[in-house]
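One structure is given below, encoded as structure tokens.
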Amino acid sequence: MQHDAHAHHRTEQSGAHAGHEGHGATADWPTAARATLHCLTGCAVGEVLGMVIGTALGWGTVPTMVLAIVLAFFFGYSLTLWAVVRAGLSLKAAIGVALAADTLSIAVMELVDNGVLLLVPGAMDAHLSDGLFWGALAFAFLVAFLVTTPVNKWMIGRGKGHAVVHQYH
């Protein structure tokens, strides 16, 4: 009886993992959009915090963007770390999962949203009380979401990116 239970458990485990390893099995647009929204959440927290700190301190464009990018990676990775540690992984293993799952997505998102901010006239010189500051930031996040979603779909379809995290949900 115990042997049958173990065999059933192994079958369930291999079935559970098969969907995550299947290249393209879960690479639909809604899954990619959810993965991108997860990434955008962490990036936006870090990005906004970095922009607010840099702007409030009167820093120039480069140091403000560097701070925003560092904080975007920090918060982006932190969301994944929190989720997979909560699912039972050790911190060391969780760090590896977060790096594998989020690095390309965060990098693309940061490249695009900071590029957009640089292209919007006056956005980097706007103050926190200016509508231009918040409007340009919101527009940059929208463009970054639209560009990063296909990247995440491509990665998930190959068993990479957020596909790595799904087995821990």
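Ordering of the structure tokens sets the chain letters (A, B, ...); residue numbers start at 1 within each chain; ligands are numbered from 1 in the order shown.
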
Please provide the set of residues having any atom within 12 Å of Gly115 of chain A, restricted to only C-alpha atoms, with same-chain residues fewer than 5 positions apart removed, written as an NGL selection string.
:A and (61 or 65 or 69 or 107-110 or 120-121 or 123-124 or 136-137 or 139-141 or 143-144)

Selected residues written out with N, CA and C atoms, as a tab-separated table (two decimals), in the first residue's frame:
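Saved the output as result01.tsv:
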chain	number	residue	atom	x	y	z
A	61	THR	N	20.72	63.61	-13.82
A	61	THR	CA	20.10	62.48	-14.52
A	61	THR	C	20.82	61.16	-14.28
A	65	MET	N	19.24	57.96	-12.31
A	65	MET	CA	18.92	56.74	-13.06
A	65	MET	C	19.66	55.52	-12.52
A	69	ILE	N	17.74	52.26	-11.22
A	69	ILE	CA	17.99	50.94	-11.82
A	69	ILE	C	18.42	49.94	-10.75
A	107	ALA	N	16.24	43.61	-16.93
A	107	ALA	CA	17.18	44.36	-17.76
A	107	ALA	C	16.48	45.01	-18.96
A	108	VAL	N	15.61	44.25	-19.64
A	108	VAL	CA	14.89	44.81	-20.77
A	108	VAL	C	13.96	45.92	-20.29
A	109	MET	N	13.25	45.65	-19.20
A	109	MET	CA	12.32	46.65	-18.67
A	109	MET	C	13.06	47.94	-18.32
A	110	GLU	N	14.19	47.83	-17.65
A	110	GLU	CA	14.95	49.02	-17.25
A	110	GLU	C	15.53	49.76	-18.45
A	120	VAL	N	11.64	61.63	-23.45
A	120	VAL	CA	10.54	62.58	-23.19
A	120	VAL	C	11.16	63.91	-22.79
A	121	PRO	N	10.96	64.94	-23.60
A	121	PRO	CA	11.57	66.25	-23.30
A	121	PRO	C	11.18	66.77	-21.90
A	123	ALA	N	11.46	65.41	-19.00
A	123	ALA	CA	11.04	64.45	-17.97
A	123	ALA	C	12.08	64.30	-16.86
A	124	MET	N	13.33	64.28	-17.21
A	124	MET	CA	14.37	64.07	-16.20
A	124	MET	C	14.66	65.34	-15.40
A	136	ALA	N	5.31	61.03	-17.55
A	136	ALA	CA	6.40	60.40	-18.30
A	136	ALA	C	6.76	59.05	-17.69
A	137	LEU	N	6.76	58.96	-16.37
A	137	LEU	CA	7.08	57.70	-15.69
A	137	LEU	C	6.02	56.65	-16.02
A	139	PHE	N	4.04	56.57	-18.65
A	139	PHE	CA	4.18	56.24	-20.07
A	139	PHE	C	5.37	55.30	-20.28
A	140	ALA	N	6.48	55.57	-19.60
A	140	ALA	CA	7.67	54.72	-19.72
A	140	ALA	C	7.38	53.30	-19.24
A	141	PHE	N	6.63	53.17	-18.14
A	141	PHE	CA	6.27	51.83	-17.65
A	141	PHE	C	5.37	51.10	-18.64
A	143	VAL	N	5.23	51.49	-21.96
A	143	VAL	CA	6.06	51.07	-23.09
A	143	VAL	C	6.95	49.88	-22.68
A	144	ALA	N	7.54	49.95	-21.50
A	144	ALA	CA	8.40	48.85	-21.03
A	144	ALA	C	7.59	47.56	-20.90

In Å, rounded to a single decimal, give me how far atom CA of Lys160 of chain A is from atom CA of Leu104 of chain A.
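It comes out at 10.0 Å.
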
A:Leu146, A:Ala126, A:Leu67, A:Ala101: which is nearest Gly54 of chain A, counting only C-alpha atoms?
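With only C-alpha atoms as the atom set, the closest residue is A:Leu67.
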
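Here atom CA of Pro63 of chain A stands at a distance of 17.4 Å from atom CA of Ala44 of chain A.
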
For segment 128-135 of chain A, find every residue with an atom within 8 Å (counting only C-alpha atoms), except residues of its own chain fewer than 5 positions away, and show them as a PyMOL selection string.
chain A and resi 52+55-56+122-123

What's the 10 Å shell around Trp82 of chain A, counting only C-alpha atoms, without same-chain residues fewer than 4 positions away, as number ranges by chain?
A: 77-78, 86-87, 89, 91, 94-95, 98

All helix (DSSP H, G or I) residues (DSSP, backbone) inside segment 16-148 of chain A, as a VMD selection string:
chain A and resid 16 to 21 29 to 56 61 to 86 91 to 119 123 to 125 131 to 148

Take the selection from the previous step and output its residues with C-alpha atoms, as an mmCIF file, in the first residue's frame.
data_model
loop_
_atom_site.group_PDB
_atom_site.id
_atom_site.type_symbol
_atom_site.label_atom_id
_atom_site.label_comp_id
_atom_site.auth_asym_id
_atom_site.auth_seq_id
_atom_site.Cartn_x
_atom_site.Cartn_y
_atom_site.Cartn_z
ATOM 1 C CA ALA A 16 3.547 18.699 -12.181
ATOM 2 C CA HIS A 17 7.011 19.387 -13.489
ATOM 3 C CA ALA A 18 6.224 18.283 -17.029
ATOM 4 C CA GLY A 19 4.070 21.355 -17.638
ATOM 5 C CA HIS A 20 6.881 23.635 -16.552
ATOM 6 C CA GLU A 21 9.487 21.988 -18.696
ATOM 7 C CA TRP A 29 0.105 35.771 -23.829
ATOM 8 C CA PRO A 30 -1.799 35.891 -20.507
ATOM 9 C CA THR A 31 1.017 33.982 -18.767
ATOM 10 C CA ALA A 32 3.623 36.273 -20.303
ATOM 11 C CA ALA A 33 1.594 39.337 -19.296
ATOM 12 C CA ARG A 34 1.341 38.081 -15.676
ATOM 13 C CA ALA A 35 5.095 37.434 -15.584
ATOM 14 C CA THR A 36 5.740 40.915 -16.971
ATOM 15 C CA LEU A 37 3.328 42.495 -14.513
ATOM 16 C CA HIS A 38 5.174 40.719 -11.681
ATOM 17 C CA CYS A 39 8.453 42.100 -13.002
ATOM 18 C CA LEU A 40 6.960 45.548 -13.547
ATOM 19 C CA THR A 41 5.707 45.657 -9.953
ATOM 20 C CA GLY A 42 9.174 45.204 -8.472
ATOM 21 C CA CYS A 43 10.779 47.437 -11.083
ATOM 22 C CA ALA A 44 8.214 50.176 -10.579
ATOM 23 C CA VAL A 45 8.677 50.213 -6.801
ATOM 24 C CA GLY A 46 12.447 50.527 -7.190
ATOM 25 C CA GLU A 47 12.268 52.895 -10.129
ATOM 26 C CA VAL A 48 9.806 55.265 -8.478
ATOM 27 C CA LEU A 49 11.717 55.198 -5.205
ATOM 28 C CA GLY A 50 15.007 55.919 -7.018
ATOM 29 C CA MET A 51 13.487 58.717 -9.100
ATOM 30 C CA VAL A 52 11.814 60.257 -6.047
ATOM 31 C CA ILE A 53 15.024 60.124 -3.980
ATOM 32 C CA GLY A 54 17.208 61.454 -6.801
ATOM 33 C CA THR A 55 14.756 64.208 -7.724
ATOM 34 C CA ALA A 56 14.145 65.217 -4.108
ATOM 35 C CA THR A 61 20.097 62.480 -14.518
ATOM 36 C CA VAL A 62 22.862 59.862 -14.362
ATOM 37 C CA PRO A 63 23.039 59.330 -10.572
ATOM 38 C CA THR A 64 19.239 59.362 -10.328
ATOM 39 C CA MET A 65 18.916 56.738 -13.060
ATOM 40 C CA VAL A 66 21.665 54.576 -11.575
ATOM 41 C CA LEU A 67 19.909 54.616 -8.198
ATOM 42 C CA ALA A 68 16.551 53.867 -9.830
ATOM 43 C CA ILE A 69 17.995 50.940 -11.816
ATOM 44 C CA VAL A 70 19.779 49.457 -8.787
ATOM 45 C CA LEU A 71 16.601 49.712 -6.721
ATOM 46 C CA ALA A 72 14.506 48.264 -9.572
ATOM 47 C CA PHE A 73 16.720 45.168 -9.688
ATOM 48 C CA PHE A 74 16.696 44.948 -5.886
ATOM 49 C CA PHE A 75 12.913 45.086 -5.586
ATOM 50 C CA GLY A 76 12.358 42.941 -8.689
ATOM 51 C CA TYR A 77 14.551 40.172 -7.315
ATOM 52 C CA SER A 78 13.104 40.638 -3.815
ATOM 53 C CA LEU A 79 9.561 39.829 -4.929
ATOM 54 C CA THR A 80 10.705 36.551 -6.453
ATOM 55 C CA LEU A 81 12.948 35.732 -3.499
ATOM 56 C CA TRP A 82 10.095 36.290 -1.077
ATOM 57 C CA ALA A 83 7.756 34.027 -3.067
ATOM 58 C CA VAL A 84 10.157 31.108 -3.532
ATOM 59 C CA VAL A 85 11.521 31.224 0.022
ATOM 60 C CA ARG A 86 7.925 31.176 1.227
ATOM 61 C CA LEU A 91 17.806 31.447 0.506
ATOM 62 C CA LYS A 92 20.757 30.253 -1.586
ATOM 63 C CA ALA A 93 18.528 28.257 -3.935
ATOM 64 C CA ALA A 94 16.002 31.102 -4.066
ATOM 65 C CA ILE A 95 18.704 33.547 -5.157
ATOM 66 C CA GLY A 96 19.590 31.246 -8.058
ATOM 67 C CA VAL A 97 15.927 30.984 -9.067
ATOM 68 C CA ALA A 98 15.445 34.773 -8.864
ATOM 69 C CA LEU A 99 18.545 35.441 -10.963
ATOM 70 C CA ALA A 100 17.453 32.917 -13.587
ATOM 71 C CA ALA A 101 13.843 34.075 -13.614
ATOM 72 C CA ASP A 102 14.183 37.835 -13.542
ATOM 73 C CA THR A 103 17.505 39.091 -14.887
ATOM 74 C CA LEU A 104 16.662 39.412 -18.582
ATOM 75 C CA SER A 105 13.142 40.656 -17.897
ATOM 76 C CA ILE A 106 14.307 43.362 -15.481
ATOM 77 C CA ALA A 107 17.185 44.359 -17.764
ATOM 78 C CA VAL A 108 14.886 44.808 -20.774
ATOM 79 C CA MET A 109 12.324 46.652 -18.673
ATOM 80 C CA GLU A 110 14.947 49.020 -17.250
ATOM 81 C CA LEU A 111 16.568 49.649 -20.616
ATOM 82 C CA VAL A 112 13.229 50.508 -22.203
ATOM 83 C CA ASP A 113 11.682 52.565 -19.419
ATOM 84 C CA ASN A 114 14.833 54.601 -18.789
ATOM 85 C CA GLY A 115 15.288 55.070 -22.539
ATOM 86 C CA VAL A 116 11.743 56.380 -22.812
ATOM 87 C CA LEU A 117 12.297 58.748 -19.879
ATOM 88 C CA LEU A 118 15.393 60.119 -21.588
ATOM 89 C CA LEU A 119 13.438 60.689 -24.807
ATOM 90 C CA ALA A 123 11.044 64.445 -17.970
ATOM 91 C CA MET A 124 14.372 64.069 -16.196
ATOM 92 C CA ASP A 125 14.336 67.727 -15.128
ATOM 93 C CA GLY A 131 2.539 66.225 -13.869
ATOM 94 C CA LEU A 132 5.264 65.696 -16.463
ATOM 95 C CA PHE A 133 7.328 63.679 -13.960
ATOM 96 C CA TRP A 134 4.495 61.249 -13.171
ATOM 97 C CA GLY A 135 3.052 61.181 -16.691
ATOM 98 C CA ALA A 136 6.401 60.401 -18.297
ATOM 99 C CA LEU A 137 7.081 57.698 -15.695
ATOM 100 C CA ALA A 138 3.670 56.079 -16.287
ATOM 101 C CA PHE A 139 4.183 56.242 -20.067
ATOM 102 C CA ALA A 140 7.673 54.723 -19.715
ATOM 103 C CA PHE A 141 6.267 51.831 -17.646
ATOM 104 C CA LEU A 142 3.558 51.192 -20.239
ATOM 105 C CA VAL A 143 6.061 51.071 -23.094
ATOM 106 C CA ALA A 144 8.400 48.848 -21.028
ATOM 107 C CA PHE A 145 5.500 46.468 -20.280
ATOM 108 C CA LEU A 146 4.589 46.246 -23.968
ATOM 109 C CA VAL A 147 8.189 45.569 -25.027
ATOM 110 C CA THR A 148 9.021 43.135 -22.191
#

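Take atom CA of Ala27 of chain A and atom CA of Pro150 of chain A: the distance between them is 9.9 Å.
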
Fewer than 5 positions away in the same chain doesn't count, so skip those; otherwise give me all residues within 9 Å of Asp28 of chain A, counting only C-alpha atoms, as a VMD selection string.
chain A and resid 33 153 156 to 157
